[in-house]
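target_19.txt (compact mmCIF, C-alpha atoms)
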```
# COMPACT_ATOMS: atom_id res chain seq x y z
CA MET A 1 17.55 -17.69 -22.30
CA ARG A 2 16.16 -15.25 -24.87
CA VAL A 3 13.82 -17.97 -26.13
CA LEU A 4 12.67 -18.82 -22.60
CA GLN A 5 12.15 -15.14 -21.82
CA ALA A 6 10.01 -14.84 -24.96
CA LEU A 7 7.87 -17.75 -23.80
CA LEU A 8 7.54 -16.28 -20.30
CA ALA A 9 6.49 -12.88 -21.62
CA GLY A 10 4.19 -14.20 -24.34
CA GLU A 11 0.85 -15.97 -24.49
CA ARG A 12 0.16 -19.29 -22.81
CA VAL A 13 0.87 -21.07 -26.13
CA MET A 14 2.82 -19.60 -29.03
CA MET A 15 3.69 -20.30 -32.63
CA LEU A 16 7.33 -20.74 -33.59
CA LYS A 17 7.35 -17.52 -35.60
CA GLU A 18 5.89 -15.61 -32.63
CA ILE A 19 8.63 -16.91 -30.35
CA ALA A 20 11.29 -16.05 -32.93
CA ALA A 21 9.95 -12.52 -33.34
CA ALA A 22 9.82 -11.96 -29.57
CA ALA A 23 13.35 -13.33 -29.14
CA GLY A 24 14.71 -11.35 -32.10
CA MET A 25 16.13 -14.50 -33.72
CA PRO A 26 15.60 -16.36 -37.03
CA PRO A 27 12.88 -19.05 -36.83
CA SER A 28 15.34 -21.72 -38.02
CA LYS A 29 17.68 -20.97 -35.12
CA VAL A 30 14.83 -20.89 -32.61
CA HIS A 31 13.59 -24.25 -33.92
CA ARG A 32 16.91 -25.90 -33.08
CA TYR A 33 16.69 -24.58 -29.52
CA MET A 34 13.08 -25.69 -29.23
CA VAL A 35 13.96 -29.26 -30.21
CA SER A 36 16.54 -29.43 -27.41
CA MET A 37 14.25 -27.82 -24.84
CA VAL A 38 11.36 -30.15 -25.71
CA ARG A 39 13.68 -33.10 -25.08
CA THR A 40 14.62 -31.77 -21.62
CA GLY A 41 11.05 -30.89 -20.65
CA LEU A 42 11.67 -27.13 -20.46
CA VAL A 43 9.23 -26.70 -23.35
CA GLU A 44 6.39 -28.83 -24.68
CA GLN A 45 4.74 -28.83 -28.09
CA ASP A 46 1.13 -29.73 -28.78
CA PRO A 47 1.26 -32.36 -31.56
CA ALA A 48 -2.19 -31.30 -32.83
CA THR A 49 -1.49 -27.57 -33.18
CA SER A 50 2.35 -27.42 -33.14
CA LEU A 51 2.04 -24.62 -30.57
CA TYR A 52 4.71 -24.33 -27.88
CA SER A 53 4.39 -23.67 -24.15
CA LEU A 54 6.55 -24.05 -21.08
CA GLY A 55 6.99 -27.68 -20.08
CA PRO A 56 6.85 -29.65 -16.82
CA PHE A 57 10.54 -29.15 -16.03
CA ALA A 58 10.11 -25.37 -16.28
CA LEU A 59 7.18 -25.66 -13.87
CA ASP A 60 9.31 -27.69 -11.45
CA ILE A 61 12.02 -25.02 -11.55
CA GLY A 62 9.50 -22.27 -10.89
CA LEU A 63 7.85 -24.09 -7.99
CA VAL A 64 11.15 -24.91 -6.30
CA ALA A 65 12.40 -21.33 -6.76
CA ALA A 66 9.17 -19.92 -5.29
CA ASP A 67 9.31 -22.34 -2.37
CA ARG A 68 12.88 -21.36 -1.55
CA LEU A 69 12.24 -17.63 -1.58
CA ASP A 70 12.45 -16.16 1.89
CA GLY A 71 9.78 -13.48 1.65
CA VAL A 72 10.34 -12.14 5.15
CA GLY A 73 14.11 -12.02 4.66
CA LEU A 74 13.70 -10.08 1.43
CA GLY A 75 11.15 -7.85 3.14
CA LEU A 76 13.54 -6.97 5.96
CA ALA A 77 16.11 -5.79 3.44
CA ALA A 78 13.40 -3.86 1.57
CA ILE A 79 12.18 -1.87 4.60
CA ALA A 80 15.76 -1.11 5.63
CA GLN A 81 16.44 0.35 2.21
CA LEU A 82 13.14 2.24 2.24
CA CYS A 83 13.97 3.69 5.67
CA ARG A 84 17.26 5.06 4.34
CA GLN A 85 15.51 6.46 1.28
CA VAL A 86 12.73 8.43 3.03
CA ASP A 87 14.32 8.80 6.48
CA GLU A 88 11.08 7.79 8.18
CA ALA A 89 10.35 4.75 10.31
CA THR A 90 9.37 1.70 8.26
CA ALA A 91 7.75 -1.59 9.21
CA LEU A 92 7.03 -5.03 7.81
CA ALA A 93 3.93 -6.97 8.86
CA THR A 94 2.67 -10.46 8.12
CA TRP A 95 -0.77 -11.98 8.59
CA THR A 96 -1.87 -14.36 11.33
CA ARG A 97 -5.32 -15.65 12.22
CA ASN A 98 -5.52 -12.93 14.87
CA GLY A 99 -4.58 -10.17 12.45
CA PRO A 100 -1.36 -8.51 11.27
CA VAL A 101 1.80 -8.81 13.34
CA VAL A 102 4.89 -6.58 13.10
CA VAL A 103 7.85 -8.62 11.89
CA ARG A 104 10.47 -5.88 11.97
CA TRP A 105 10.69 -2.15 12.61
CA GLU A 106 13.33 0.23 11.24
CA ARG A 107 13.91 3.53 13.05
CA SER A 108 14.57 6.77 11.22
CA SER A 109 17.43 9.11 12.10
CA ARG A 110 15.03 11.83 13.27
CA PRO A 111 15.40 13.12 16.85
CA VAL A 112 11.77 12.18 17.61
CA ALA A 113 11.57 8.53 16.65
CA ILE A 114 8.52 6.35 16.18
CA SER A 115 8.89 2.79 17.38
CA VAL A 116 6.79 -0.32 17.78
CA ILE A 117 7.81 -3.54 19.47
CA THR A 118 8.51 -6.38 17.06
CA GLY A 119 5.76 -8.95 17.42
CA SER A 120 3.09 -6.35 18.16
CA ALA A 121 -0.40 -7.31 16.98
CA LEU A 122 -2.10 -4.73 14.76
CA ASP A 123 -5.81 -4.11 14.40
CA VAL A 124 -7.26 -4.96 10.99
CA ILE A 125 -9.44 -1.84 10.90
CA SER A 126 -7.65 0.99 12.67
CA THR A 127 -4.09 0.48 11.36
CA ALA A 128 -2.76 1.02 7.85
CA SER A 129 -1.21 -2.46 7.69
CA GLY A 130 -4.47 -4.00 8.87
CA ARG A 131 -6.46 -2.15 6.25
CA VAL A 132 -4.13 -3.34 3.52
CA PHE A 133 -4.59 -6.96 4.56
CA GLY A 134 -8.34 -6.43 4.89
CA ALA A 135 -8.49 -4.98 1.39
CA TRP A 136 -6.71 -7.84 -0.35
CA LEU A 137 -7.32 -10.93 1.77
CA PRO A 138 -10.41 -13.07 1.19
CA PRO A 139 -13.11 -11.83 3.64
CA ALA A 140 -13.26 -15.26 5.30
CA ALA A 141 -9.72 -14.70 6.62
CA PHE A 142 -10.71 -11.79 8.85
CA ARG A 143 -14.50 -11.92 9.19
CA HIS A 144 -14.21 -13.25 12.76
CA LEU A 145 -12.14 -10.18 13.72
CA ILE A 146 -14.76 -7.79 12.33
CA ASP A 147 -17.55 -9.73 14.01
CA ALA A 148 -15.78 -9.48 17.38
CA ARG A 149 -15.37 -5.70 17.03
CA LEU A 150 -19.02 -5.28 15.98
CA GLU A 151 -20.21 -7.35 18.93
CA ALA A 152 -18.05 -5.37 21.35
CA GLY A 153 -19.12 -2.05 19.82
CA SER A 154 -15.47 -1.01 19.62
CA LEU A 155 -15.20 0.03 15.98
CA PRO A 156 -13.74 3.51 15.30
CA ARG A 157 -16.03 6.42 14.58
CA GLY A 158 -17.22 6.33 10.98
CA LEU A 159 -16.58 2.58 10.71
CA ARG A 160 -19.19 1.21 13.08
CA THR A 161 -21.13 -0.85 10.53
CA ARG A 162 -20.06 -3.71 8.31
CA SER A 163 -20.99 -1.75 5.19
CA ALA A 164 -18.79 1.15 6.29
CA VAL A 165 -15.87 -1.22 6.84
CA ASP A 166 -16.45 -2.80 3.42
CA ARG A 167 -16.42 0.64 1.79
CA MET A 168 -13.17 1.49 3.56
CA PHE A 169 -11.51 -1.69 2.25
CA GLU A 170 -12.87 -0.97 -1.23
CA GLN A 171 -11.37 2.53 -1.14
CA THR A 172 -8.04 1.06 -0.04
CA ARG A 173 -8.05 -1.24 -3.08
CA ARG A 174 -8.80 1.69 -5.37
CA ASP A 175 -5.99 3.75 -3.86
CA GLY A 176 -3.55 0.81 -3.94
CA MET A 177 -2.52 1.54 -0.34
CA ALA A 178 -3.90 2.57 3.04
CA VAL A 179 -3.39 5.81 4.96
CA VAL A 180 -4.21 6.29 8.66
CA GLU A 181 -3.74 9.66 10.35
CA GLY A 182 -4.47 10.65 13.90
CA GLY A 183 -3.96 7.07 14.92
CA HIS A 184 -6.91 5.12 16.23
CA LEU A 185 -4.12 2.96 17.70
CA SER A 186 -1.54 5.62 18.57
CA PRO A 187 -2.63 9.30 18.70
CA GLY A 188 -0.32 11.63 16.80
CA VAL A 189 1.00 8.88 14.54
CA ALA A 190 0.43 8.68 10.77
CA ALA A 191 1.10 5.65 8.59
CA ILE A 192 1.00 4.60 4.95
CA SER A 193 0.94 0.90 4.03
CA ALA A 194 1.17 -0.97 0.75
CA PRO A 195 0.55 -4.65 -0.09
CA VAL A 196 3.20 -7.13 -1.16
CA PHE A 197 2.02 -10.01 -3.36
CA ASP A 198 3.61 -13.40 -4.02
CA HIS A 199 3.79 -15.70 -7.04
CA ARG A 200 0.22 -16.91 -6.33
CA LYS A 201 -0.98 -13.29 -6.70
CA GLU A 202 -1.96 -13.28 -3.03
CA ILE A 203 -1.04 -10.67 -0.43
CA THR A 204 1.73 -12.00 1.78
CA LEU A 205 3.19 -8.94 3.54
CA ALA A 206 2.46 -5.28 4.24
CA MET A 207 5.16 -2.60 4.08
CA SER A 208 4.63 0.68 5.92
CA VAL A 209 6.09 4.14 6.36
CA VAL A 210 5.27 5.61 9.79
CA GLY A 211 5.83 9.12 11.13
CA ILE A 212 4.46 11.98 13.18
CA GLN A 213 1.07 13.29 12.12
CA GLY A 214 1.48 16.64 10.41
CA LEU A 215 5.14 15.98 9.62
CA LEU A 216 4.79 12.84 7.48
CA ASP A 217 3.48 13.58 3.98
CA THR A 218 0.62 11.06 3.67
CA SER A 219 -0.66 12.21 0.28
CA LEU A 220 -0.90 9.38 -2.25
CA ASP A 221 1.26 11.33 -4.70
CA GLY A 222 3.80 12.41 -2.08
CA ILE A 223 7.41 11.27 -1.88
CA PRO A 224 6.92 8.71 0.96
CA ALA A 225 3.91 7.10 -0.76
CA HIS A 226 5.71 6.98 -4.10
CA ALA A 227 8.81 5.39 -2.54
CA LEU A 228 6.68 2.90 -0.59
CA ARG A 229 4.66 1.93 -3.66
CA SER A 230 7.81 1.34 -5.69
CA ALA A 231 9.45 -0.67 -2.89
CA ALA A 232 6.37 -2.89 -2.48
CA GLN A 233 6.19 -3.47 -6.22
CA ARG A 234 9.86 -4.43 -6.40
CA LEU A 235 9.48 -6.85 -3.51
CA SER A 236 6.35 -8.36 -5.09
CA THR A 237 8.23 -8.87 -8.33
CA ARG A 238 11.10 -10.47 -6.42
CA LEU A 239 8.59 -12.87 -4.86
CA GLY A 240 7.36 -13.91 -8.29
CA TYR A 241 4.29 -11.69 -8.60
CA ARG A 242 3.22 -10.83 -12.12
CA GLY A 243 0.25 -8.58 -12.60
CA ASP A 244 -1.36 -5.54 -11.03
CA ALA A 245 -3.20 -4.74 -7.83
CA ALA A 246 -6.58 -4.69 -9.59
CA ALA A 247 -6.09 -8.26 -10.77
CA ALA A 248 -5.06 -9.33 -7.28
CA ALA A 249 -8.13 -7.66 -5.80
CA ALA A 250 -10.36 -9.45 -8.26
CA ARG A 251 -8.96 -12.79 -7.11
CA THR A 252 -10.14 -12.18 -3.56
CA GLY A 253 -13.74 -11.81 -4.64
CA THR A 254 -14.06 -8.69 -2.51
```
Let me see whether you can do it: turn the structure in this file into structure tokens.
Amino acid sequence: MRVLQALLAGERVMMLKEIAAAAGMPPSKVHRYMVSMVRTGLVEQDPATSLYSLGPFALDIGLVAADRLDGVGLGLAAIAQLCRQVDEATALATWTRNGPVVVRWERSSRPVAISVITGSALDVISTASGRVFGAWLPPAAFRHLIDARLEAGSLPRGLRTRSAVDRMFEQTRRDGMAVVEGGHLSPGVAAISAPVFDHRKEITLAMSVVGIQGLLDTSLDGIPAHALRSAAQRLSTRLGYRGDAAAAAARTGT
């Protein structure tokens, strides 16, 4: 396992001495393991360069593990834990062709509770979850939604042109999360949302903390935002994501 972990953490191809150094083992011992793993297909060696990389069997294991991960199930547990941590309402949303949809909602213990019906559709522009998806999805995935709002003239104040919407999504990517206060959707409600990425480095879910405007700390360095960011990163890692938000944003071409 130490040898495999060294290969996972290292370059695409590695020399035997590099693997040994990363694993903290003598090269002679690592070589014996490599011989066995090459035979099973966990590792392959380029006969021309003698460099090692993960083999086809390792790829099969990774693909099957990724396919069997229940992202929504893990997300439900994540927002429940986040709700207990910050004692604010939390939500999980997934993407559909018609925009984000609330998968689950966790209520806080506060006397004045915020709630949204599971299955509620969320606007891609005026909600924090929607802005997160808009920031990290390829534009082709939601262009029809923006076009419909432009045609209807129903965009929120300050976001009534395509360029303004693009700048808003760009700012969301820079911040790493979206904040909506005053609620274009629900007056008096504030929300913070963060993206969850999968093993393909694509956004798959949005996690949110929701509260009363003026009572919920929506600053990017505040306790709710910090807890949300950490929770989304842990869930992304659990779903096989390796990288950072900037790299994911670059993949979208936005």
Interatomic distance between CA of Leu54 (chain A) and CA of Ala22 (chain A)?
15.1 Å
Please determine, counting only C-alpha atoms, which residue among A:Arg157, A:His226, A:Arg162, A:Lys29 has the shortest atom-to-atom distance to Val86 (chain A).
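Smallest distance to Val86 (chain A) is found for A:His226.
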In Å to one decimal, how far is CA of Gln85 (chain A) from CA of Ile223 (chain A)?
9.9 Å
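Shortest atom-to-atom contact with Ala140 (chain A) among A:Gly222, A:Arg12, A:Asp198, A:Arg97: A:Arg97, counting all atoms listed in the file.
For the atom pair formed by CA of Val43 (chain A) and CA of Phe57 (chain A), the distance is 7.8 Å, given to one decimal.
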Edge lengths and centre in Å to one decimal, as lines of an AutoDock Vina configuration file, is what I'm after for the box along x, y and z that holds all listed atoms of region 45-64 of chain A once 8 Å is added on each side.
```
center_x = 4.9
center_y = -27.3
center_z = -19.7
size_x = 30.2
size_y = 26.1
size_z = 42.9
```
Mind checking which residues fall within 10 Å of region 173-180 of chain A, counting all atoms listed in the file, ignoring those fewer than 5 positions away in the same chain, and posting them as number ranges by chain?
A: 125-136, 167-168, 185, 189-195, 206-210, 213, 218-220, 225, 228-229, 244-246, 248-250, 254
When distances are computed from only C-alpha atoms, which of A:Leu42, A:Leu150, A:Ala227, A:Leu235 shows the smallest separation from Thr90 (chain A)?
A:Ala227
Of the residues A:Ala58, A:Ala121, A:Gln81, A:Leu74, which is the one nearest to Pro100 (chain A), using all atoms listed in the file?
A:Ala121
Of the listed residues A:Gly62, A:Ala77, A:Ile146, A:Gly182, that which approaches Arg200 (chain A) most closely, counting all atoms listed in the file
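Residue with the minimum atom-to-atom distance to Arg200 (chain A): A:Gly62.
Using all atoms listed in the file, the nearest neighbour of Thr237 (chain A) within the list A:Ala48, A:Pro27, A:Gly75, A:Val103 is A:Gly75.
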Model the absent atoms of region 78-92 of chain A so that N, CA and C atoms are present, and write the result as a tab-separated table (two decimals), in the coordinates of the input.
```
chain	number	residue	atom	x	y	z
A	78	ALA	N	14.16	-4.89	2.28
A	78	ALA	CA	13.40	-3.86	1.57
A	78	ALA	C	13.02	-2.70	2.48
A	79	ILE	N	12.57	-2.98	3.72
A	79	ILE	CA	12.18	-1.87	4.60
A	79	ILE	C	13.40	-1.12	5.11
A	80	ALA	N	14.54	-1.81	5.23
A	80	ALA	CA	15.76	-1.11	5.63
A	80	ALA	C	16.17	-0.12	4.56
A	81	GLN	N	16.10	-0.53	3.31
A	81	GLN	CA	16.44	0.35	2.21
A	81	GLN	C	15.45	1.51	2.11
A	82	LEU	N	14.16	1.20	2.29
A	82	LEU	CA	13.14	2.24	2.24
A	82	LEU	C	13.33	3.26	3.36
A	83	CYS	N	13.71	2.80	4.54
A	83	CYS	CA	13.97	3.69	5.67
A	83	CYS	C	15.08	4.68	5.34
A	84	ARG	N	16.15	4.18	4.73
A	84	ARG	CA	17.26	5.06	4.34
A	84	ARG	C	16.81	6.05	3.27
A	85	GLN	N	15.93	5.61	2.40
A	85	GLN	CA	15.51	6.46	1.28
A	85	GLN	C	14.64	7.62	1.74
A	86	VAL	N	13.67	7.38	2.63
A	86	VAL	CA	12.73	8.43	3.03
A	86	VAL	C	13.04	9.02	4.40
A	87	ASP	N	13.96	8.39	5.12
A	87	ASP	CA	14.32	8.80	6.48
A	87	ASP	C	13.09	8.93	7.37
A	88	GLU	N	12.23	7.94	7.29
A	88	GLU	CA	11.08	7.79	8.18
A	88	GLU	C	11.10	6.35	8.69
A	89	ALA	N	10.44	6.12	9.80
A	89	ALA	CA	10.35	4.75	10.31
A	89	ALA	C	9.60	3.88	9.30
A	90	THR	N	10.03	2.64	9.16
A	90	THR	CA	9.37	1.70	8.26
A	90	THR	C	9.10	0.41	9.01
A	91	ALA	N	8.13	-0.34	8.52
A	91	ALA	CA	7.75	-1.59	9.21
A	91	ALA	C	7.33	-2.63	8.20
A	92	LEU	N	7.47	-3.89	8.60
A	92	LEU	CA	7.03	-5.03	7.81
A	92	LEU	C	6.08	-5.84	8.67
```
